[in-house]
Amino acid sequence: MKLNELMPSVPRKARKRVGRGESSGLGKTSGKGSNGQKSRAGGGVKPYFEGGQMPIYRRVPKRGFSNALFKKEYAIITLDLLNRFEDGAEVTPEILFETGLVRKMMDGIKVLGNGTLDKKLTVKAHKVSASAKAAIEAKGGVVEIIEVKTFADVAKNNK
């Protein structure tokens, strides 16, 4: 057996060899019929073309707006993950990134109250849920909110 003799276990459809003589059944016009837009190379109308009438996507009015460009995405950290730190440690976004708990910094860090916390920690994050804040403070820890930089802040600094 040679490399060029390898075949898939499931048989496949034979390739259509077009334009190779009339007796092949797919000669001359290669199965495309006579003249017209659809017989040309790259020919055919777009699926949304409606023959020249005003298309539906232009007849229907635009609605709403999108703020997707300004959407903030936060890296999520749970209380269970914070248990990996030593008692009395300070947890910052930089430390979370170095330890590998956060792979991508995104727009900031958000601490959620999933799980339980067993240690007293000082947590510095951009956002903290109410349940997470209560759990951290119940163990004698401190929560510090880091200000999130907005486009307006950055633009102000660049003036």
# chains A, B, ... in the order shown; residues from 1 in each chain; ligands from 1
>>> residues_around(residues="range 131-133 of chain A", least_positions_apart="4", cutoff="10 Å", atoms="only C-alpha atoms", output="list in words")
Thr78, Leu79, Lys110, Val111, Leu112, Gly113, Asn114, Gly115, Thr116, Leu117, Val123, Lys127, Glu137, Ala138, Gly141, Val142, Val143 and Glu144 of chain A
>>> write_last_selection(atoms="C-alpha atoms", output="compact mmCIF listing (two decimals), in the first residue's frame")
# COMPACT_ATOMS: atom_id res chain seq x y z
CA THR A 78 -15.48 33.30 42.73
CA LEU A 79 -15.01 33.05 46.49
CA LYS A 110 -15.55 40.99 39.13
CA VAL A 111 -15.81 38.95 42.33
CA LEU A 112 -18.93 36.78 42.65
CA GLY A 113 -20.27 35.15 45.82
CA ASN A 114 -20.27 31.54 44.56
CA GLY A 115 -18.91 29.11 47.15
CA THR A 116 -17.57 29.89 50.60
CA LEU A 117 -14.62 31.89 51.87
CA VAL A 123 -9.65 42.12 47.92
CA LYS A 127 -16.71 45.09 40.76
CA GLU A 137 -16.41 41.29 55.37
CA ALA A 138 -17.97 38.54 57.52
CA GLY A 141 -11.63 41.01 55.27
CA VAL A 142 -11.68 44.31 53.38
CA VAL A 143 -13.12 45.06 49.93
CA GLU A 144 -11.65 47.92 47.89
>>> select_by_dssp(residues="chain A", states="alpha helix (DSSP H)", output="PyMOL selection string")
chain A and resi 56-59+79-82+93-99+130-138+151-157
>>> closest_residue(among="A:Val128, A:Ile146, A:Leu101, A:Ala68", to="Leu81 in chain A", atoms="only C-alpha atoms")
A:Leu101
>>> atom_distance(atom1="CA of Lys149 in chain A", atom2="CA of Met106 in chain A")
11.8 Å
>>> atom_distance(atom1="CA of Ala155 in chain A", atom2="CA of Ser129 in chain A")
28.8 Å
>>> residues_around(residues="Met105 in chain A", least_positions_apart="6", cutoff="12 Å", atoms="only C-alpha atoms", output="list of chain:residue names")
A:Lys72, A:Glu73, A:Tyr74, A:Ala75, A:Ile76, A:Ile77, A:Thr92, A:Pro93, A:Glu94, A:Ile95, A:Leu96, A:Phe97, A:Glu98, A:Ala125, A:His126
>>> write_last_selection(atoms="N, CA and C atoms", output="short mmCIF file (atom, residue, chain, number, x, y, z; two decimals), in the first residue's frame")
data_model
loop_
_atom_site.label_atom_id
_atom_site.label_comp_id
_atom_site.auth_asym_id
_atom_site.auth_seq_id
_atom_site.Cartn_x
_atom_site.Cartn_y
_atom_site.Cartn_z
N LYS A 72 -18.68 46.55 28.69
CA LYS A 72 -17.55 46.17 29.53
C LYS A 72 -17.63 44.67 29.83
N GLU A 73 -16.52 43.97 29.66
CA GLU A 73 -16.47 42.55 29.99
C GLU A 73 -15.48 42.35 31.12
N TYR A 74 -15.94 41.67 32.16
CA TYR A 74 -15.11 41.47 33.34
C TYR A 74 -14.68 40.02 33.47
N ALA A 75 -13.46 39.81 33.95
CA ALA A 75 -12.98 38.47 34.28
C ALA A 75 -13.62 38.08 35.61
N ILE A 76 -14.21 36.90 35.67
CA ILE A 76 -14.98 36.48 36.85
C ILE A 76 -14.09 35.67 37.80
N ILE A 77 -14.19 36.03 39.09
CA ILE A 77 -13.49 35.30 40.16
C ILE A 77 -14.54 34.96 41.22
N THR A 92 -5.01 41.39 44.38
CA THR A 92 -5.16 42.45 43.38
C THR A 92 -5.29 41.82 42.00
N PRO A 93 -5.76 42.57 41.00
CA PRO A 93 -5.85 42.02 39.64
C PRO A 93 -4.50 41.51 39.13
N GLU A 94 -3.41 42.21 39.48
CA GLU A 94 -2.08 41.80 39.02
C GLU A 94 -1.70 40.44 39.59
N ILE A 95 -1.99 40.24 40.88
CA ILE A 95 -1.67 38.96 41.53
C ILE A 95 -2.51 37.84 40.94
N LEU A 96 -3.79 38.12 40.68
CA LEU A 96 -4.67 37.11 40.07
C LEU A 96 -4.16 36.69 38.70
N PHE A 97 -3.63 37.65 37.95
CA PHE A 97 -3.09 37.37 36.61
C PHE A 97 -1.81 36.54 36.72
N GLU A 98 -0.93 36.91 37.66
CA GLU A 98 0.34 36.20 37.84
C GLU A 98 0.13 34.75 38.28
N ALA A 125 -10.82 44.86 43.62
CA ALA A 125 -11.42 44.47 42.34
C ALA A 125 -12.23 45.63 41.78
N HIS A 126 -12.57 45.52 40.49
CA HIS A 126 -13.33 46.59 39.84
C HIS A 126 -14.81 46.51 40.18
#
>>> closest_residue(among="A:Thr99, A:Gly88, A:Leu26, A:Lys32", to="Gly44 in chain A", atoms="only C-alpha atoms")
A:Lys32
>>> closest_residue(among="A:Val148, A:Met1, A:Leu6, A:Ile56", to="Asp107 in chain A", atoms="only C-alpha atoms")
A:Val148
>>> atom_distance(atom1="CA of Gly36 in chain A", atom2="CA of Arg17 in chain A")
21.7 Å
>>> residues_around(residues="Gly19 in chain A", least_positions_apart="4", cutoff="10 Å", atoms="only C-alpha atoms", output="list in words")
Ser24, Gly25, Leu26, Gly27, Lys28, Thr29, Ser30 and Gly31 of chain A
>>> write_last_selection(atoms="N, CA and C atoms", output="mmCIF file, in the first residue's frame")
data_model
loop_
_atom_site.group_PDB
_atom_site.id
_atom_site.type_symbol
_atom_site.label_atom_id
_atom_site.label_comp_id
_atom_site.auth_asym_id
_atom_site.auth_seq_id
_atom_site.Cartn_x
_atom_site.Cartn_y
_atom_site.Cartn_z
ATOM 1 N N SER A 24 -19.530 12.840 -22.878
ATOM 2 C CA SER A 24 -19.465 12.679 -21.419
ATOM 3 C C SER A 24 -20.792 13.038 -20.764
ATOM 4 N N GLY A 25 -21.643 13.769 -21.516
ATOM 5 C CA GLY A 25 -22.922 14.207 -20.961
ATOM 6 C C GLY A 25 -22.820 15.551 -20.267
ATOM 7 N N LEU A 26 -21.612 16.015 -20.045
ATOM 8 C CA LEU A 26 -21.408 17.312 -19.401
ATOM 9 C C LEU A 26 -20.418 18.143 -20.213
ATOM 10 N N GLY A 27 -20.515 18.059 -21.539
ATOM 11 C CA GLY A 27 -19.623 18.832 -22.405
ATOM 12 C C GLY A 27 -20.251 20.169 -22.738
ATOM 13 N N LYS A 28 -19.701 20.876 -23.675
ATOM 14 C CA LYS A 28 -20.155 22.180 -24.179
ATOM 15 C C LYS A 28 -20.560 23.142 -23.066
ATOM 16 N N THR A 29 -21.800 23.111 -22.615
ATOM 17 C CA THR A 29 -22.245 24.101 -21.627
ATOM 18 C C THR A 29 -22.053 23.614 -20.186
ATOM 19 N N SER A 30 -21.470 22.443 -20.019
ATOM 20 C CA SER A 30 -21.116 21.910 -18.691
ATOM 21 C C SER A 30 -22.300 21.811 -17.733
ATOM 22 N N GLY A 31 -23.452 21.465 -18.244
ATOM 23 C CA GLY A 31 -24.620 21.267 -17.396
ATOM 24 C C GLY A 31 -25.274 22.540 -16.924
#
